[in-house]
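A.B. asks: This is the structure, below, for whatever I ask next.
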Amino acid sequence: ETRSSAAHSVMVDGVDVAIGGGVESISMVSPVASKTTVTEEKLMSEFPALWMPMIETADIVSARYGISREAQDVYSVESQRRTAAAQEAGLFKDEIVPMKATMLVTDKETGETSHKTVLADRDECNRPGTTLEALAGMNPVRSKVDPSAFITAGNASQLSDGASACVVMSEAEASRRGLQPLGAFKGFAVAGCAPDEMGIGPVFAVPRLLARHGLKVDDIDLWELNEAFAVVPLYSMQQLGIDHAKTNVNGGSIAIGHPFGMTGSRMVGHALLEGKRRGAKSAVVTMCIGGGMGAAGLFEIF
């Protein structure tokens, strides 16, 4: 959405150069946010699912639409495999800016903490050796309250920290500066859905986006469907008829992590860079959104 906002600033308000992106530190924020949730009395009484944990909505979608645990585990293993292969091939290097950071290290035996300087130059959350057998042996996170739950730590997105940004300007401004753009923003659409099945939001946003541009699913060369949970892209691909071979071709959030505020920006940048490598002409990036929404952006790849 920040890419869309940045593009609109350029297109509508005449801004010369805009930056769209986001940052998220789940490791620092989540422990606090989980204890400080604020609700609104009337909405809570009428739409309690607005505050439903997203993992619970993923279990609901899995059961409601028949997306099996096995299918989710199989998908997750493939996400890990694709990410590992892309890392090995150096496909993420052009989109990562190495930077020094201070890491807090805890000694597991003594409990003492210390600081050390590290160079963050690659994603660290993926598990290249992930197997289907290992995932099948994991207990669902909500198994104590729901014995038929589907979602495990292995078929859900990684909890990680990250930041992403992209520079947006008009074609004329890029030409004046002698810059070669990666691509062009073409459009953005959002749609609502029931809050207890927020993961299916892209199923409503994508048709709206494509219809506005006279396109069909098969016209799109690359798809980035956020892997908040494996059930999200699985259901979207099933309902929209999207080819998995064109989708999250280098893995997604299950392997690489999902810092909420930056994932959309990261996916856009990756789609443009990977699309250029493949000679693709178009990409669609989608998000499901807690509370009951879906979003989709259309990009031309240069």
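To be explicit about the labels: the chains of the structure tokens are called A, B, and onward in the order shown, and within each one the residues are counted from 1, while ligands get numbers from 1 in the order they are shown.
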Using DSSP on the backbone coordinates, identify the residues of region 33-272 of chain A assigned to strand (DSSP E or B); present them as number ranges by chain.
C.D. replies: A: 99-106, 113-120, 156, 161-169, 183-192, 222-225, 229, 247, 249, 251
A.B. asks: Quick one: everything within 6 Å of Leu298 (chain A), counting only C-alpha atoms, minus sequence neighbours fewer than 6 positions away in the same chain. Send it as a VMD selection string.
C.D. replies: chain A and resid 186 to 187 283 to 284
A.B. asks: Take the residues from that selection and write them out as an mmCIF file, in the first residue's frame, keeping C-alpha atoms.
C.D. replies:
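Written output follows (again-v7.cif):
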data_model
loop_
_atom_site.group_PDB
_atom_site.id
_atom_site.type_symbol
_atom_site.label_atom_id
_atom_site.label_comp_id
_atom_site.auth_asym_id
_atom_site.auth_seq_id
_atom_site.Cartn_x
_atom_site.Cartn_y
_atom_site.Cartn_z
ATOM 1 C CA LYS A 186 -0.100 0.335 -12.788
ATOM 2 C CA GLY A 187 -2.831 -0.018 -10.181
ATOM 3 C CA ALA A 283 3.459 -8.967 -11.835
ATOM 4 C CA VAL A 284 0.712 -8.932 -9.229
#
A.B. asks: Would you pick out the contacts of Arg64 (chain A) at 12 Å or less, using only C-alpha atoms, so that residues sharing its chain but fewer than 3 positions from it are not included, and give the list as a PyMOL selection string?
C.D. replies: chain A and resi 57-61+67-68+149-150+196-197+199-200+231+235
A.B. asks: With only C-alpha atoms as the counted atoms, please give the residues lying no more than 12 Å from Met169 (chain A), apart from itself and same-chain residues fewer than 6 positions off, as number ranges by chain.
C.D. replies: A: 3-20, 175-177, 179-185
A.B. asks: Write out the residues from the selection above, keeping N, CA, C and O atoms, as a compact mmCIF listing (two decimals), in the first residue's frame.
C.D. replies:
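As written to disk, again_29.txt reads:
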# COMPACT_ATOMS: atom_id res chain seq x y z
N ARG A 3 3.63 1.62 -1.54
CA ARG A 3 4.05 1.83 -2.94
C ARG A 3 2.94 2.55 -3.70
O ARG A 3 3.20 3.44 -4.50
N SER A 4 1.71 2.15 -3.46
CA SER A 4 0.57 2.79 -4.09
C SER A 4 0.46 4.25 -3.65
O SER A 4 0.26 5.15 -4.47
N SER A 5 0.63 4.50 -2.35
CA SER A 5 0.54 5.87 -1.84
C SER A 5 1.65 6.75 -2.42
O SER A 5 1.42 7.90 -2.79
N ALA A 6 2.85 6.18 -2.53
CA ALA A 6 3.96 6.94 -3.10
C ALA A 6 3.69 7.26 -4.57
O ALA A 6 3.92 8.38 -5.03
N ALA A 7 3.17 6.27 -5.30
CA ALA A 7 2.86 6.50 -6.71
C ALA A 7 1.77 7.55 -6.89
O ALA A 7 1.84 8.40 -7.77
N HIS A 8 0.76 7.50 -6.02
CA HIS A 8 -0.32 8.49 -6.11
C HIS A 8 0.21 9.89 -5.80
O HIS A 8 -0.25 10.88 -6.39
N SER A 9 1.16 10.00 -4.88
CA SER A 9 1.75 11.30 -4.57
C SER A 9 2.43 11.89 -5.80
O SER A 9 2.37 13.09 -6.06
N VAL A 10 3.09 11.02 -6.56
CA VAL A 10 3.76 11.47 -7.78
C VAL A 10 2.74 11.80 -8.87
O VAL A 10 2.81 12.85 -9.52
N MET A 11 1.77 10.92 -9.05
CA MET A 11 0.81 11.07 -10.14
C MET A 11 -0.20 12.19 -9.91
O MET A 11 -0.55 12.92 -10.84
N VAL A 12 -0.66 12.34 -8.67
CA VAL A 12 -1.73 13.29 -8.38
C VAL A 12 -1.22 14.61 -7.81
O VAL A 12 -1.68 15.69 -8.20
N ASP A 13 -0.24 14.53 -6.90
CA ASP A 13 0.20 15.73 -6.20
C ASP A 13 1.44 16.38 -6.80
O ASP A 13 1.89 17.43 -6.33
N GLY A 14 2.00 15.74 -7.82
CA GLY A 14 3.16 16.33 -8.48
C GLY A 14 4.45 16.21 -7.69
O GLY A 14 5.41 16.97 -7.94
N VAL A 15 4.52 15.29 -6.74
CA VAL A 15 5.75 15.09 -5.98
C VAL A 15 6.84 14.58 -6.92
O VAL A 15 6.60 13.69 -7.74
N ASP A 16 8.02 15.15 -6.82
CA ASP A 16 9.12 14.74 -7.71
C ASP A 16 9.59 13.32 -7.43
O ASP A 16 9.74 12.50 -8.33
N VAL A 17 9.89 13.06 -6.17
CA VAL A 17 10.40 11.75 -5.75
C VAL A 17 9.73 11.36 -4.44
O VAL A 17 9.66 12.17 -3.51
N ALA A 18 9.26 10.14 -4.35
CA ALA A 18 8.64 9.64 -3.13
C ALA A 18 9.26 8.30 -2.76
O ALA A 18 9.78 7.59 -3.62
N ILE A 19 9.22 7.97 -1.48
CA ILE A 19 9.72 6.69 -1.01
C ILE A 19 8.59 5.94 -0.32
O ILE A 19 7.92 6.47 0.56
N GLY A 20 8.38 4.70 -0.77
CA GLY A 20 7.35 3.87 -0.16
C GLY A 20 7.98 2.63 0.44
O GLY A 20 8.84 2.00 -0.18
N SER A 175 14.00 9.90 -16.35
CA SER A 175 14.77 10.20 -17.56
C SER A 175 15.68 11.40 -17.32
O SER A 175 16.85 11.40 -17.73
N ARG A 176 15.16 12.42 -16.64
CA ARG A 176 15.96 13.62 -16.37
C ARG A 176 17.17 13.29 -15.52
O ARG A 176 18.25 13.88 -15.70
N ARG A 177 17.02 12.32 -14.63
CA ARG A 177 18.12 11.93 -13.74
C ARG A 177 19.01 10.85 -14.33
O ARG A 177 19.98 10.41 -13.70
N LEU A 179 18.14 7.69 -14.89
CA LEU A 179 17.92 6.44 -14.16
C LEU A 179 17.12 5.45 -15.00
O LEU A 179 16.25 5.84 -15.78
N GLN A 180 17.41 4.17 -14.81
CA GLN A 180 16.66 3.11 -15.49
C GLN A 180 15.73 2.44 -14.48
O GLN A 180 16.18 1.69 -13.61
N PRO A 181 14.44 2.69 -14.55
CA PRO A 181 13.50 2.12 -13.57
C PRO A 181 13.41 0.60 -13.69
O PRO A 181 13.65 0.03 -14.77
N LEU A 182 13.05 -0.04 -12.59
CA LEU A 182 12.82 -1.48 -12.60
C LEU A 182 11.45 -1.81 -13.19
O LEU A 182 11.26 -2.88 -13.76
N GLY A 183 10.52 -0.87 -13.02
CA GLY A 183 9.17 -1.14 -13.50
C GLY A 183 8.26 0.04 -13.23
O GLY A 183 8.72 1.11 -12.81
N ALA A 184 6.97 -0.18 -13.48
CA ALA A 184 5.99 0.90 -13.31
C ALA A 184 4.80 0.41 -12.50
O ALA A 184 4.33 -0.72 -12.68
N PHE A 185 4.35 1.26 -11.61
CA PHE A 185 3.12 0.98 -10.86
C PHE A 185 1.94 1.22 -11.78
O PHE A 185 1.81 2.27 -12.40
A.B. asks: Find the residues around Ala211 (chain A) up to 12 Å (only C-alpha atoms counted), leave out those fewer than 4 positions away in its own chain, and share them as a list in words.
C.D. replies: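 Within the cut-off, the hits are Gly187, Phe188, Ala189, Phe204, Ala205, Val206, Pro207, Leu215, Lys216, Val217, Asp219 and Leu298 of chain A.
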A.B. asks: If we count only C-alpha atoms and set the cut-off at 12 Å, which residues sit around Asp243 (chain A), ignoring sequence neighbours fewer than 5 positions away in its own chain? Please answer as a VMD selection string.
C.D. replies: chain A and resid 217 to 225 233 to 234 236 to 238 248 to 249
A.B. asks: Give me the residues within 10 Å of region 102-108 of chain A as a list in words, counting only C-alpha atoms and dropping any in the same chain fewer than 5 places off.
C.D. replies: Thr113, Ser114, His115, Lys116, Thr117, Val118, Leu119 and Ala120 of chain A
A.B. asks: For the selection you just gave me, I'd like the residues written to a file as a PDB file, in the first residue's frame, keeping N, CA, C and O atoms.
C.D. replies:
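What ended up in again37.pdb:
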ATOM      1  N   THR A 113      23.846 -11.736  29.376  1.00  0.00           N
ATOM      2  CA  THR A 113      23.687 -11.142  28.054  1.00  0.00           C
ATOM      3  C   THR A 113      24.885 -10.269  27.705  1.00  0.00           C
ATOM      4  O   THR A 113      25.545  -9.708  28.583  1.00  0.00           O
ATOM      5  N   SER A 114      25.141 -10.163  26.420  1.00  0.00           N
ATOM      6  CA  SER A 114      26.220  -9.315  25.918  1.00  0.00           C
ATOM      7  C   SER A 114      25.828  -8.799  24.550  1.00  0.00           C
ATOM      8  O   SER A 114      24.857  -9.270  23.938  1.00  0.00           O
ATOM      9  N   HIS A 115      26.570  -7.827  24.062  1.00  0.00           N
ATOM     10  CA  HIS A 115      26.294  -7.251  22.753  1.00  0.00           C
ATOM     11  C   HIS A 115      27.459  -7.526  21.808  1.00  0.00           C
ATOM     12  O   HIS A 115      28.618  -7.534  22.232  1.00  0.00           O
ATOM     13  N   LYS A 116      27.116  -7.741  20.543  1.00  0.00           N
ATOM     14  CA  LYS A 116      28.169  -7.856  19.547  1.00  0.00           C
ATOM     15  C   LYS A 116      27.699  -7.243  18.236  1.00  0.00           C
ATOM     16  O   LYS A 116      26.491  -7.224  17.932  1.00  0.00           O
ATOM     17  N   THR A 117      28.649  -6.728  17.471  1.00  0.00           N
ATOM     18  CA  THR A 117      28.339  -6.109  16.187  1.00  0.00           C
ATOM     19  C   THR A 117      28.323  -7.187  15.110  1.00  0.00           C
ATOM     20  O   THR A 117      29.238  -8.010  15.015  1.00  0.00           O
ATOM     21  N   VAL A 118      27.252  -7.188  14.317  1.00  0.00           N
ATOM     22  CA  VAL A 118      27.119  -8.171  13.240  1.00  0.00           C
ATOM     23  C   VAL A 118      26.807  -7.454  11.936  1.00  0.00           C
ATOM     24  O   VAL A 118      26.331  -6.312  11.935  1.00  0.00           O
ATOM     25  N   LEU A 119      27.080  -8.114  10.826  1.00  0.00           N
ATOM     26  CA  LEU A 119      26.737  -7.587   9.509  1.00  0.00           C
ATOM     27  C   LEU A 119      25.504  -8.326   9.005  1.00  0.00           C
ATOM     28  O   LEU A 119      25.542  -9.537   8.772  1.00  0.00           O
ATOM     29  N   ALA A 120      24.411  -7.603   8.857  1.00  0.00           N
ATOM     30  CA  ALA A 120      23.176  -8.188   8.336  1.00  0.00           C
ATOM     31  C   ALA A 120      23.210  -8.069   6.815  1.00  0.00           C
ATOM     32  O   ALA A 120      23.026  -6.981   6.263  1.00  0.00           O
TER      33      ALA A 120
END
A.B. asks: Looking at only C-alpha atoms, which of A:Gly137, A:Gly178, A:Gly294, A:Gly129 is the one that sits closest to Ala84 (chain A)?
C.D. replies: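 Closest residue, counting only C-alpha atoms: A:Gly129.
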A.B. asks: Could you tell me how far CA of Ile55 (chain A) sits from CA of Ala165 (chain A), in Å to one decimal place?
C.D. replies: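 Between CA of Ala165 (chain A) and CA of Ile55 (chain A) the gap works out to 27.4 Å.
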A.B. asks: By how many Å are CA of Phe47 (chain A) and CA of Gly292 (chain A) apart?
C.D. replies: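 Distance reported for this atom pair: 11.0 Å.
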A.B. asks: Per DSSP on the backbone, what are the alpha helix (DSSP H) residues of region 150-246 of chain A, as a list in words?
C.D. replies: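 Written out, the alpha helix (DSSP H) residues of region 150-246 of chain A are Glu171, Ala172, Glu173, Ala174, Ser175, Arg176, Gly201, Pro202, Val203, Phe204, Ala205, Val206, Pro207, Arg208, Leu209, Leu210, Ala211, Arg212, Val231, Val232, Pro233, Leu234, Tyr235, Ser236, Met237, Gln238, Gln239 and Leu240 of chain A.
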